[in-house]
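Q: File name input_13.cif; file contents mmCIF, C-alpha atoms; full text below.
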```cif
data_start
loop_
_atom_site.label_atom_id
_atom_site.label_comp_id
_atom_site.auth_asym_id
_atom_site.auth_seq_id
_atom_site.Cartn_x
_atom_site.Cartn_y
_atom_site.Cartn_z
CA MET A 179 64.72 56.37 161.96
CA ALA A 180 65.03 52.63 162.41
CA ALA A 181 68.75 52.75 163.07
CA SER A 182 68.61 55.57 165.54
CA ALA A 183 67.06 53.53 168.38
CA PRO A 184 69.80 50.82 168.66
CA ILE A 185 72.49 53.46 168.28
CA ARG A 186 70.99 55.44 171.03
CA SER A 187 70.82 52.40 173.29
CA SER A 188 74.41 51.41 172.62
CA ILE A 189 75.61 54.91 173.32
CA GLY A 190 73.74 54.71 176.55
CA ARG A 191 75.45 51.37 177.36
CA VAL A 192 78.83 52.90 176.67
CA LEU A 193 78.15 55.88 178.77
CA GLN A 194 76.57 54.06 181.71
CA PRO A 195 79.72 52.71 183.48
CA ALA A 196 81.51 55.92 182.72
CA THR A 197 78.94 57.88 184.56
CA ARG A 198 79.15 55.43 187.44
CA CYS A 199 82.94 55.82 187.76
CA SER A 200 83.04 59.46 187.01
CA ALA A 201 83.13 60.42 190.63
CA SER A 202 86.55 58.79 191.40
CA THR A 203 88.38 59.33 188.05
CA SER A 204 88.96 62.12 185.69
CA SER A 205 87.08 62.39 182.40
CA LEU A 206 90.26 61.47 180.42
CA ASN A 207 89.98 57.76 181.46
CA LEU A 208 86.47 57.44 180.18
CA PRO A 209 86.98 55.42 176.93
CA LEU A 210 89.36 52.92 178.57
CA ARG A 211 87.01 52.25 181.41
CA ALA A 212 84.17 51.77 179.02
CA SER A 213 85.97 49.07 176.98
CA LEU A 214 87.05 47.13 180.03
CA SER A 215 83.63 46.95 181.50
CA CYS A 216 82.05 45.45 178.37
CA PRO A 217 81.40 41.65 178.23
CA PRO A 218 84.11 39.85 176.18
CA ASN A 219 81.96 38.36 173.40
CA THR A 220 79.76 41.23 172.50
CA SER A 221 80.94 43.99 170.26
CA SER A 222 80.70 47.46 171.54
CA PHE A 223 78.92 48.67 168.50
CA SER A 224 76.47 46.81 166.24
CA THR A 225 74.02 47.93 163.64
CA SER A 226 72.09 44.65 163.50
CA ALA A 227 68.81 44.40 165.29
CA PRO A 228 68.68 42.22 168.39
CA LEU A 229 67.61 38.58 167.83
CA GLY A 230 64.28 38.92 169.49
CA GLU A 231 63.20 41.70 167.24
CA ARG A 232 63.79 39.71 164.06
CA ARG A 233 60.91 39.25 161.72
CA PRO A 234 59.36 35.79 161.65
CA THR A 235 60.34 33.56 158.70
CA ARG A 236 58.63 34.47 155.50
CA ASP A 237 57.81 30.89 154.56
CA ASN A 238 57.68 27.44 156.06
CA ASN A 239 61.16 26.46 154.88
CA ARG A 240 62.72 24.67 157.82
CA LEU A 241 66.11 24.68 156.16
CA ARG A 242 66.27 28.46 155.80
CA GLY A 243 69.48 29.81 157.14
CA LEU A 244 71.22 26.45 157.16
CA SER A 245 74.28 26.29 155.02
CA SER A 246 77.12 23.86 154.77
CA ILE A 247 79.10 26.40 152.81
CA TYR A 248 79.48 28.90 155.62
CA ARG A 249 79.01 26.19 158.27
CA SER A 250 76.00 27.61 160.00
CA GLY A 251 75.46 24.45 162.02
CA THR A 252 72.09 23.16 163.06
CA LYS A 253 69.32 25.51 164.10
CA GLY A 254 68.15 23.74 167.16
CA ARG A 255 70.27 22.12 169.86
CA MET A 256 71.19 18.52 169.25
CA ALA A 257 72.14 15.70 171.56
CA VAL A 258 75.55 15.34 169.95
CA ASP A 259 76.47 18.98 170.45
CA GLY A 260 79.69 19.21 172.35
CA PHE A 261 80.98 15.82 171.29
CA PRO A 262 83.91 15.67 168.87
CA THR A 263 82.92 15.02 165.30
CA PRO A 264 84.13 11.62 164.05
CA ARG A 265 86.65 11.81 161.27
CA PRO A 266 86.75 9.37 158.32
CA ALA A 267 89.37 6.69 158.76
CA ASP A 268 92.62 7.19 156.90
CA TYR A 269 92.08 4.25 154.60
CA LYS A 270 93.46 3.84 151.14
CA PRO A 271 92.98 0.47 149.49
CA LYS A 272 96.11 -1.10 148.06
CA LEU A 273 95.74 -1.62 144.34
CA THR A 274 97.77 -4.23 142.59
CA THR A 275 98.35 -3.79 138.89
CA ASP A 276 99.86 -6.22 136.47
CA PRO A 277 103.20 -4.77 135.33
CA ASN A 278 103.00 -6.81 132.14
CA HIS A 279 99.46 -5.90 131.23
CA GLY A 280 98.81 -5.43 127.54
CA LEU A 281 97.30 -1.99 128.07
CA TRP A 282 100.76 -0.68 128.95
CA ASP A 283 101.45 -0.87 125.22
CA PHE A 284 99.32 2.23 124.85
CA PHE A 285 102.08 4.24 126.53
CA TYR A 286 105.70 4.85 125.65
CA ALA A 287 106.77 4.31 129.27
CA LYS A 288 105.05 3.43 132.51
CA ASP A 289 106.13 6.58 134.32
CA LYS A 290 105.50 8.92 131.42
CA ALA A 291 102.16 10.09 130.13
CA LEU A 292 103.46 12.11 127.21
CA PRO A 293 106.55 12.08 125.05
CA THR A 294 108.33 15.38 124.62
CA PRO A 295 108.13 17.04 121.19
CA GLU A 296 111.82 16.30 120.71
CA GLU A 297 111.23 12.60 121.29
CA ASP A 298 108.19 12.65 119.05
CA SER A 299 110.09 14.19 116.17
CA GLN A 300 112.85 11.58 116.31
CA HIS A 301 111.71 9.34 113.52
CA GLY A 302 112.77 8.44 110.02
CA ARG A 303 110.82 8.38 106.82
CA ALA A 304 108.06 5.97 105.93
CA TRP A 305 108.67 2.70 104.14
CA THR A 306 108.36 2.92 100.38
CA VAL A 307 106.40 0.45 98.30
CA GLU A 308 109.54 -0.65 96.53
CA GLU A 309 111.18 -1.58 99.82
CA LEU A 310 108.13 -3.50 100.95
CA ARG A 311 107.93 -5.48 97.69
CA HIS A 312 110.85 -7.55 98.93
CA LYS A 313 109.17 -8.43 102.21
CA SER A 314 107.29 -11.61 103.00
CA TRP A 315 103.65 -11.86 104.00
CA GLU A 316 104.66 -12.51 107.62
CA ASP A 317 106.88 -9.45 107.72
CA LEU A 318 104.21 -7.21 106.26
CA HIS A 319 101.62 -8.61 108.65
CA ALA A 320 103.83 -7.94 111.66
CA LEU A 321 104.85 -4.51 110.38
CA TRP A 322 101.18 -3.58 110.04
CA TRP A 323 100.55 -4.38 113.68
CA VAL A 324 103.67 -2.54 114.77
CA CYS A 325 102.27 0.49 112.97
CA VAL A 326 98.89 0.03 114.62
CA LYS A 327 100.47 -0.08 118.07
CA GLU A 328 102.56 2.98 117.43
CA ARG A 329 99.53 4.90 116.23
CA ASN A 330 97.65 3.80 119.35
CA ARG A 331 100.42 5.29 121.45
CA ILE A 332 100.21 8.53 119.49
CA ALA A 333 96.42 8.59 119.92
CA THR A 334 96.81 8.13 123.68
CA ALA A 335 99.25 11.03 123.83
CA THR A 336 96.94 13.18 121.71
CA ARG A 337 94.04 12.46 124.02
CA GLU A 338 96.15 13.26 127.03
CA ARG A 339 97.26 16.51 125.43
CA GLN A 340 93.62 17.43 124.83
CA ARG A 341 92.76 16.66 128.43
CA LEU A 342 95.59 18.80 129.76
CA LYS A 343 94.87 21.48 127.11
CA LEU A 344 98.45 21.38 125.85
CA VAL A 345 99.21 22.77 122.46
CA VAL A 346 102.93 22.01 122.57
CA GLY A 347 103.88 18.89 120.65
CA GLU A 348 100.75 18.65 118.53
CA ASP A 349 102.54 19.23 115.23
CA GLU A 350 105.31 16.74 115.97
CA SER A 351 102.75 14.11 116.92
CA LYS A 352 100.77 14.71 113.74
CA THR A 353 103.85 14.45 111.56
CA ARG A 354 104.84 11.19 113.21
CA ASN A 355 101.35 9.81 112.75
CA TYR A 356 101.31 10.84 109.11
CA GLU A 357 104.59 9.07 108.47
CA ILE A 358 103.20 5.83 109.93
CA TRP A 359 100.04 6.29 107.91
CA LYS A 360 102.18 6.40 104.78
CA THR A 361 103.87 3.16 105.77
CA MET A 362 100.50 1.48 106.26
CA LYS A 363 99.35 2.75 102.90
CA ALA A 364 102.47 1.30 101.32
CA ILE A 365 101.77 -2.08 102.95
CA LYS A 366 98.27 -2.12 101.47
CA HIS A 367 99.63 -1.06 98.11
CA THR A 368 102.18 -3.86 98.15
CA LEU A 369 99.70 -6.54 99.09
CA THR A 370 97.12 -5.43 96.53
CA GLU A 371 99.74 -5.36 93.83
CA ARG A 372 100.97 -8.79 94.85
CA TYR A 373 97.47 -10.20 94.76
CA TYR A 374 96.79 -8.88 91.27
CA ALA A 375 100.14 -10.22 90.08
CA TRP A 376 99.26 -13.59 91.57
CA GLU A 377 95.87 -13.61 89.80
CA ASP A 378 97.50 -12.90 86.45
CA ALA A 379 100.32 -15.32 87.15
CA ARG A 380 97.83 -18.09 87.80
CA GLU A 381 96.22 -17.51 84.41
CA LEU A 382 99.65 -17.54 82.85
CA ALA A 383 100.58 -20.76 84.64
CA GLU A 384 97.69 -22.61 83.03
CA LYS A 385 99.36 -22.13 79.66
CA ASP A 386 102.85 -22.92 80.96
CA PRO A 387 103.91 -26.49 80.03
CA GLU A 388 106.25 -26.69 83.03
CA ILE A 389 103.47 -26.07 85.54
CA ASP A 390 100.77 -28.54 86.46
CA LEU A 391 97.82 -26.94 88.27
CA SER A 392 95.70 -30.07 88.43
CA GLY A 393 96.51 -30.58 92.09
CA GLU A 394 97.86 -34.08 91.56
CA GLY A 395 101.55 -34.52 91.42
CA ASN A 396 104.38 -32.09 91.22
CA PRO A 397 103.18 -28.62 90.22
CA TYR A 398 106.48 -27.56 88.70
CA THR A 399 108.81 -29.60 86.53
CA PRO A 400 111.74 -27.62 85.09
CA ARG A 401 112.22 -27.89 81.33
CA ASP A 402 115.86 -28.97 81.60
CA TYR A 403 114.81 -31.84 83.80
CA LEU A 404 112.10 -32.81 81.30
CA GLU A 405 114.53 -32.91 78.42
CA GLU A 406 116.97 -35.09 80.34
CA GLU A 407 114.26 -37.54 81.16
CA MET A 408 113.11 -37.63 77.55
CA GLU A 409 116.59 -38.39 76.36
CA GLN A 410 117.00 -41.20 78.84
CA LEU A 411 113.68 -42.91 78.50
CA GLY A 412 112.52 -41.80 75.08
CA HIS A 413 109.02 -41.27 76.40
CA ASP A 414 106.78 -38.27 76.13
CA SER A 415 106.99 -35.48 78.67
CA LYS A 416 104.07 -36.62 80.80
CA ALA A 417 105.51 -40.03 81.42
CA ALA A 418 108.91 -38.55 82.12
CA ALA A 419 107.57 -36.39 84.88
CA GLN A 420 106.44 -39.37 86.96
CA PRO A 421 109.71 -40.43 88.70
CA GLY A 422 110.52 -36.83 89.50
CA GLU A 423 107.15 -36.46 91.08
CA GLU A 424 107.75 -39.38 93.41
CA LYS A 425 111.00 -37.93 94.62
CA PHE A 426 109.36 -34.61 95.31
CA MET A 427 106.47 -36.25 97.11
CA GLU A 428 108.83 -37.96 99.48
CA GLU A 429 110.46 -34.68 100.27
CA LYS A 430 107.35 -32.68 100.79
CA SER A 431 103.85 -34.07 101.00
CA ALA A 432 102.35 -30.62 101.34
CA ALA A 433 102.83 -30.14 97.62
CA GLU A 434 99.66 -32.09 96.92
CA SER A 435 97.18 -29.31 97.09
CA VAL A 436 97.41 -26.14 95.04
CA ASP A 437 95.28 -23.96 97.22
CA PRO A 438 95.28 -20.39 95.96
CA SER A 439 95.75 -18.87 99.38
CA SER A 440 98.55 -21.20 100.31
CA LEU A 441 100.17 -20.60 96.97
CA LEU A 442 100.18 -16.90 97.60
CA LYS A 443 101.31 -17.23 101.14
CA THR A 444 104.10 -19.71 100.73
CA GLU A 445 105.35 -17.98 97.64
CA GLN A 446 105.71 -14.81 99.64
CA THR A 447 107.29 -16.62 102.53
CA GLN A 448 109.93 -18.16 100.35
CA SER A 449 110.67 -14.99 98.46
CA SER A 450 111.55 -12.82 101.38
CA PRO A 451 115.05 -11.44 101.40
CA ARG A 452 115.23 -9.26 104.48
CA VAL A 453 116.12 -5.71 103.66
CA MET B 62 83.20 35.25 84.73
CA PRO B 63 84.41 38.51 86.36
CA ARG B 64 85.67 38.42 89.91
CA GLY B 65 83.24 38.98 92.75
CA SER B 66 80.17 38.19 90.72
CA LYS B 67 77.43 36.05 92.15
CA PRO B 68 78.08 32.65 90.58
CA ARG B 69 81.59 32.69 91.94
CA GLN B 70 80.31 33.28 95.46
CA VAL B 71 77.86 30.44 95.04
CA PHE B 72 80.69 28.23 93.93
CA GLN B 73 82.72 29.14 97.01
CA VAL B 74 79.80 28.33 99.28
CA ALA B 75 79.33 25.03 97.47
CA ARG B 76 82.98 24.23 97.92
CA SER B 77 82.91 24.86 101.65
CA PHE B 78 79.71 22.86 101.87
CA ARG B 79 81.35 19.92 100.14
CA LYS B 80 83.82 19.61 102.98
CA LEU B 81 81.05 19.08 105.53
CA PRO B 82 79.78 15.61 106.34
CA LEU B 83 76.57 14.60 104.61
CA THR B 84 73.32 14.55 106.52
CA THR B 85 69.90 13.20 105.63
CA LYS B 86 68.86 16.73 104.63
CA ASP B 87 71.56 17.00 101.99
CA ILE B 88 70.67 13.95 100.00
CA ASN B 89 67.76 11.90 98.73
CA LYS B 90 66.08 9.15 100.68
CA GLY B 91 67.81 5.89 101.24
CA PHE B 92 70.88 7.60 102.63
CA TYR B 93 72.45 5.59 105.42
CA LYS B 94 75.15 7.43 107.26
CA GLY B 95 76.26 4.81 109.74
CA THR B 96 79.43 5.06 111.72
CA GLY B 97 81.70 3.28 109.29
CA THR B 98 81.70 0.20 111.48
CA GLY B 99 79.58 -2.17 109.42
CA SER B 100 77.03 -4.63 110.65
CA MET B 101 77.68 -7.65 112.82
CA GLY B 102 74.45 -9.50 112.06
CA ARG B 103 70.85 -8.82 111.16
CA HIS B 104 67.71 -7.47 112.78
CA THR B 105 64.80 -9.80 113.43
CA LYS B 106 61.20 -8.83 112.81
CA PHE B 107 60.57 -8.88 116.55
CA GLY B 108 63.13 -6.20 117.17
CA GLY B 109 65.96 -8.45 118.24
CA TYR B 110 69.34 -8.82 116.69
CA VAL B 111 71.03 -11.99 115.54
CA ILE B 112 74.81 -11.88 115.52
CA ASP B 113 76.35 -13.42 112.46
CA TRP B 114 79.76 -14.69 113.52
CA GLN B 115 80.91 -14.64 109.95
CA LYS B 116 80.50 -10.89 110.00
CA VAL B 117 82.11 -10.25 113.37
CA ARG B 118 85.58 -8.85 112.95
CA THR B 119 88.48 -11.05 113.92
CA TYR B 120 91.86 -9.45 114.31
CA VAL B 121 94.76 -11.79 113.69
CA VAL B 122 97.85 -10.50 115.43
CA PRO B 123 101.06 -12.32 114.52
CA PRO B 124 102.31 -14.41 117.46
CA SER B 125 105.93 -13.28 117.34
CA LEU B 126 105.27 -9.57 117.40
CA ASP B 127 107.54 -8.99 120.42
CA SER B 128 110.58 -10.36 118.64
CA PHE B 129 109.82 -8.47 115.45
CA LYS B 130 112.65 -6.09 114.66
CA LEU B 131 111.25 -3.72 112.04
CA SER B 132 109.78 -0.36 112.97
CA PRO B 133 107.25 1.80 111.10
CA PHE B 134 110.10 4.05 110.05
CA VAL B 135 113.19 3.75 107.92
CA THR B 136 116.22 5.84 108.72
CA ARG B 137 116.63 8.89 106.55
CA LYS B 138 120.20 7.83 105.83
CA VAL B 139 118.79 5.19 103.50
CA GLU B 140 117.75 6.68 100.20
CA PRO B 141 114.58 5.24 98.65
CA THR B 142 115.62 2.82 95.93
CA ARG B 143 114.12 2.31 92.51
CA GLY B 144 113.27 -1.23 91.51
CA GLU B 145 114.72 -2.91 88.42
CA TYR B 146 111.88 -4.19 86.26
CA SER B 147 113.46 -3.67 82.87
CA GLY B 148 112.45 -6.96 81.27
CA PHE B 149 108.79 -6.77 82.21
CA ALA B 150 106.07 -4.76 80.52
CA LYS B 151 103.88 -4.21 83.58
CA GLY B 152 106.79 -3.59 85.91
CA PRO B 153 106.34 -4.97 89.42
CA LYS B 154 102.80 -6.02 88.55
CA SER B 155 103.83 -8.32 85.72
CA PRO B 156 102.74 -11.94 86.14
CA GLU B 157 105.82 -13.20 84.27
CA MET B 158 108.06 -11.87 87.00
CA TYR B 159 105.84 -13.44 89.62
CA LEU B 160 106.01 -16.84 87.95
CA GLU B 161 109.76 -16.56 87.49
CA ARG B 162 110.27 -15.83 91.16
CA TRP B 163 107.96 -18.66 92.08
CA LYS B 164 109.94 -21.11 89.96
CA GLU B 165 113.25 -19.90 91.35
CA GLN B 166 112.36 -19.79 94.99
CA ASN B 167 109.57 -22.26 95.57
CA GLY B 168 108.08 -24.16 92.65
CA LEU B 169 106.20 -26.52 94.94
CA ASP B 170 102.84 -25.06 95.80
#
```
Would you give me this structure, written as structure tokens?
A:
Amino acid sequence: MAASAPIRSSIGRVLQPATRCSASTSSLNLPLRASLSCPPNTSSFSTSAPLGERRPTRDNNRLRGLSSIYRSGTKGRMAVDGFPTPRPADYKPKLTTDPNHGLWDFFYAKDKALPTPEEDSQHGRAWTVEELRHKSWEDLHALWWVCVKERNRIATATRERQRLKLVVGEDESKTRNYEIWKTMKAIKHTLTERYYAWEDARELAEKDPEIDLSGEGNPYTPRDYLEEEMEQLGHDSKAAAQPGEEKFMEEKSAAESVDPSSLLKTEQTQSSPRV
Amino acid sequence: MPRGSKPRQVFQVARSFRKLPLTTKDINKGFYKGTGTGSMGRHTKFGGYVIDWQKVRTYVVPPSLDSFKLSPFVTRKVEPTRGEYSGFAKGPKSPEMYLERWKEQNGLD
């Protein structure tokens, strides 16, 4: 019943001009005439009620009907209506980055976020403990940090893969990481073993007649040298060691102190044939 | 114990439980989970925190890391070698070998 009234009125509007012109034209022209006579912006047929017959708002919400999603615009007329809307300036700040920044070490390349699985799987085996036994303290220290940096790069790639929800390349990355982990484990093994050997060797050195751990004088006097001195001077071994000590002291004054840490360190430094 | 009986199921549940991280509900009081990071100082009785610089981690990176040539990997063309420790009872851990090397290569400090 509610829809019948507007329909009736619109039918009447359609028919009105037709009835006016019906005297001069035939009835076949009727629909064409009707469409031409209508105002341009109103549709010929609408089921919605006219604006004036709308119900009043159900609540006191002054923002009802306003939407930025379907761009309803403002409800009332505004002073700026009709003026062009200002656009934000096309401004992009220029950022300067340090090309040699240390954080670049977290990536394999500056223009590449992720290595391909083929690149990731191009690696050898881990270092073995036996190979690392022949390395110096400095080498092992540096190798440890090389491993750390490589694992950081892998972690960055893993994080990036998670962000992009990529599954490809996960296995290769894990295998590479595991291989480095084994190297790091071998480094720790080597150093622990070396430390225990040093502890035992220090106990052994206290009983060794060739080694003097008192901290004064030459810590090591070879037996052959001792015997020569004894033959020449006919003194006991302690007295014979004195001239040799002076020579050594001239050569290297650092031999004075037998600091455990320095003993370990320098021993390892000296005994480092590069593999 | 026959298969599918109850104790076996209990054992399986216990085994899967063992793989989970511990919580305060799984263990008696005094359990401190932490984050594996360790402390950097101590709490004061007023609620503050005093940093102990002896406890703060210091990472010593070698200075010549850029010129360092070794990589974390060894080429697979190189077979892993076995060390020769025939004269020594404890193998690579023997103190005699350590002392011998020290005498040969350094003998100073």
Q: Listing only residues of chain B within 8 Å of chain A, what is the closest atom pair and its distance in Å (to one decimal) for each, using only C-alpha atoms, sorted by chain and residue number ascending, as a Markdown table?
A:
```
| residue | atom | partner | partner_atom | distance |
| --- | --- | --- | --- | --- |
| B:Val122 | CA | A:Trp323 | CA | 6.9 |
| B:Pro123 | CA | A:Ala320 | CA | 5.9 |
| B:Leu126 | CA | A:Ala320 | CA | 6.1 |
| B:Phe129 | CA | A:Ala320 | CA | 7.1 |
| B:Leu131 | CA | A:Leu321 | CA | 6.7 |
| B:Ser132 | CA | A:Val324 | CA | 6.7 |
| B:Pro133 | CA | A:Cys325 | CA | 5.5 |
| B:Phe134 | CA | A:Ala304 | CA | 5.0 |
| B:Val135 | CA | A:Gly302 | CA | 5.2 |
| B:Thr136 | CA | A:Gly302 | CA | 4.5 |
| B:Arg137 | CA | A:Gly302 | CA | 5.2 |
| B:Pro141 | CA | A:Thr306 | CA | 6.9 |
| B:Thr142 | CA | A:Glu308 | CA | 7.0 |
| B:Arg143 | CA | A:Glu308 | CA | 6.8 |
| B:Gly144 | CA | A:Glu308 | CA | 6.3 |
| B:Pro153 | CA | A:Glu371 | CA | 7.9 |
| B:Lys154 | CA | A:Ala375 | CA | 5.2 |
| B:Ser155 | CA | A:Ala375 | CA | 6.0 |
| B:Pro156 | CA | A:Ala379 | CA | 4.3 |
| B:Glu157 | CA | A:Ala379 | CA | 6.6 |
| B:Tyr159 | CA | A:Ala379 | CA | 6.3 |
| B:Leu160 | CA | A:Ala379 | CA | 5.9 |
| B:Arg162 | CA | A:Ser449 | CA | 7.4 |
| B:Trp163 | CA | A:Glu445 | CA | 6.2 |
| B:Lys164 | CA | A:Tyr398 | CA | 7.4 |
| B:Gln166 | CA | A:Gln448 | CA | 6.1 |
| B:Asn167 | CA | A:Gln448 | CA | 6.3 |
| B:Gly168 | CA | A:Tyr398 | CA | 5.5 |
| B:Leu169 | CA | A:Ala433 | CA | 5.6 |
| B:Asp170 | CA | A:Leu441 | CA | 5.3 |
```
Q: Run the PyMOL selection byres ((chain A and resi 297) around 12) on the file and write out the hits as a ChimeraX atom specification.
A: /A:286,292-296,298-301,332,347,350-351,354
Q: In Å, with one decimal, what is the gap from CA of Asp113 in chain B to CA of Gly99 in chain B?
A: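 Interatomic distance, CA of Asp113 in chain B to CA of Gly99 in chain B: 12.1 Å.
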Q: Report, in Å to a single decimal, how far apart CA of Lys130 in chain B and CA of Arg118 in chain B are.
A: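 Taking CA of Arg118 in chain B and CA of Lys130 in chain B, their separation equals 27.3 Å.
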Q: My list of candidates is A:Leu273, A:Ala287, A:Ile365, A:Ala257. Which is closest to Trp315 in chain A when distances are computed with all atoms listed in the file?
A: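 Residue with the minimum atom-to-atom distance to Trp315 in chain A: A:Ile365.
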Q: Quick one, how far is CA of Pro262 in chain A from CA of Ser246 in chain A?
A: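 Value for the CA of Pro262 in chain A-CA of Ser246 in chain A distance: 17.7 Å.
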Q: As a VMD selection string, please: the residues near Tyr110 in chain B (cut-off 12 Å, all atoms listed in the file, same-chain neighbours under 5 positions excluded).
A: chain B and resid 100 to 105
Q: Padding 6 Å on each side, edges along x, y and z: where is the centre of the box around the listed atoms of range 123-139 of chain B, and how long are its edges in Å to one decimal? Output it as AutoDock Vina command-line options.
A:
```
--center_x 110.6 --center_y -2.8 --center_z 112.0 --size_x 31.1 --size_y 35.3 --size_z 28.9
```
Q: Please produce range 155-169 of chain B, completed to N, CA and C atoms, as a PDB file, keeping the file's coordinate frame.
A:
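See selection-v3.pdb below for the written result:
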```
ATOM      1  N   SER B 155     103.883  -7.366  86.830  1.00  0.00           N
ATOM      2  CA  SER B 155     103.830  -8.320  85.720  1.00  0.00           C
ATOM      3  C   SER B 155     103.781  -9.757  86.231  1.00  0.00           C
ATOM      4  N   PRO B 156     102.871 -10.557  85.692  1.00  0.00           N
ATOM      5  CA  PRO B 156     102.740 -11.940  86.140  1.00  0.00           C
ATOM      6  C   PRO B 156     103.949 -12.799  85.752  1.00  0.00           C
ATOM      7  N   GLU B 157     104.652 -12.418  84.669  1.00  0.00           N
ATOM      8  CA  GLU B 157     105.820 -13.200  84.270  1.00  0.00           C
ATOM      9  C   GLU B 157     106.876 -13.170  85.375  1.00  0.00           C
ATOM     10  N   MET B 158     107.068 -11.987  85.938  1.00  0.00           N
ATOM     11  CA  MET B 158     108.060 -11.870  87.000  1.00  0.00           C
ATOM     12  C   MET B 158     107.635 -12.693  88.215  1.00  0.00           C
ATOM     13  N   TYR B 159     106.358 -12.676  88.486  1.00  0.00           N
ATOM     14  CA  TYR B 159     105.840 -13.440  89.620  1.00  0.00           C
ATOM     15  C   TYR B 159     106.116 -14.932  89.435  1.00  0.00           C
ATOM     16  N   LEU B 160     105.802 -15.416  88.220  1.00  0.00           N
ATOM     17  CA  LEU B 160     106.010 -16.840  87.950  1.00  0.00           C
ATOM     18  C   LEU B 160     107.492 -17.197  88.008  1.00  0.00           C
ATOM     19  N   GLU B 161     108.325 -16.303  87.486  1.00  0.00           N
ATOM     20  CA  GLU B 161     109.760 -16.560  87.490  1.00  0.00           C
ATOM     21  C   GLU B 161     110.283 -16.710  88.912  1.00  0.00           C
ATOM     22  N   ARG B 162     109.833 -15.785  89.752  1.00  0.00           N
ATOM     23  CA  ARG B 162     110.270 -15.830  91.160  1.00  0.00           C
ATOM     24  C   ARG B 162     109.751 -17.101  91.828  1.00  0.00           C
ATOM     25  N   TRP B 163     108.545 -17.461  91.467  1.00  0.00           N
ATOM     26  CA  TRP B 163     107.960 -18.660  92.080  1.00  0.00           C
ATOM     27  C   TRP B 163     108.777 -19.893  91.693  1.00  0.00           C
ATOM     28  N   LYS B 164     109.162 -19.957  90.421  1.00  0.00           N
ATOM     29  CA  LYS B 164     109.940 -21.110  89.960  1.00  0.00           C
ATOM     30  C   LYS B 164     111.314 -21.137  90.616  1.00  0.00           C
ATOM     31  N   GLU B 165     111.914 -19.975  90.760  1.00  0.00           N
ATOM     32  CA  GLU B 165     113.250 -19.900  91.350  1.00  0.00           C
ATOM     33  C   GLU B 165     113.239 -20.280  92.817  1.00  0.00           C
ATOM     34  N   GLN B 166     112.271 -19.737  93.537  1.00  0.00           N
ATOM     35  CA  GLN B 166     112.360 -19.790  94.990  1.00  0.00           C
ATOM     36  C   GLN B 166     111.494 -20.876  95.619  1.00  0.00           C
ATOM     37  N   ASN B 167     110.441 -21.271  94.936  1.00  0.00           N
ATOM     38  CA  ASN B 167     109.570 -22.260  95.570  1.00  0.00           C
ATOM     39  C   ASN B 167     109.278 -23.388  94.594  1.00  0.00           C
ATOM     40  N   GLY B 168     108.394 -23.162  93.661  1.00  0.00           N
ATOM     41  CA  GLY B 168     108.080 -24.160  92.650  1.00  0.00           C
ATOM     42  C   GLY B 168     107.378 -25.386  93.183  1.00  0.00           C
ATOM     43  N   LEU B 169     106.855 -25.334  94.371  1.00  0.00           N
ATOM     44  CA  LEU B 169     106.200 -26.520  94.940  1.00  0.00           C
ATOM     45  C   LEU B 169     104.699 -26.338  95.081  1.00  0.00           C
TER      46      LEU B 169
END
```
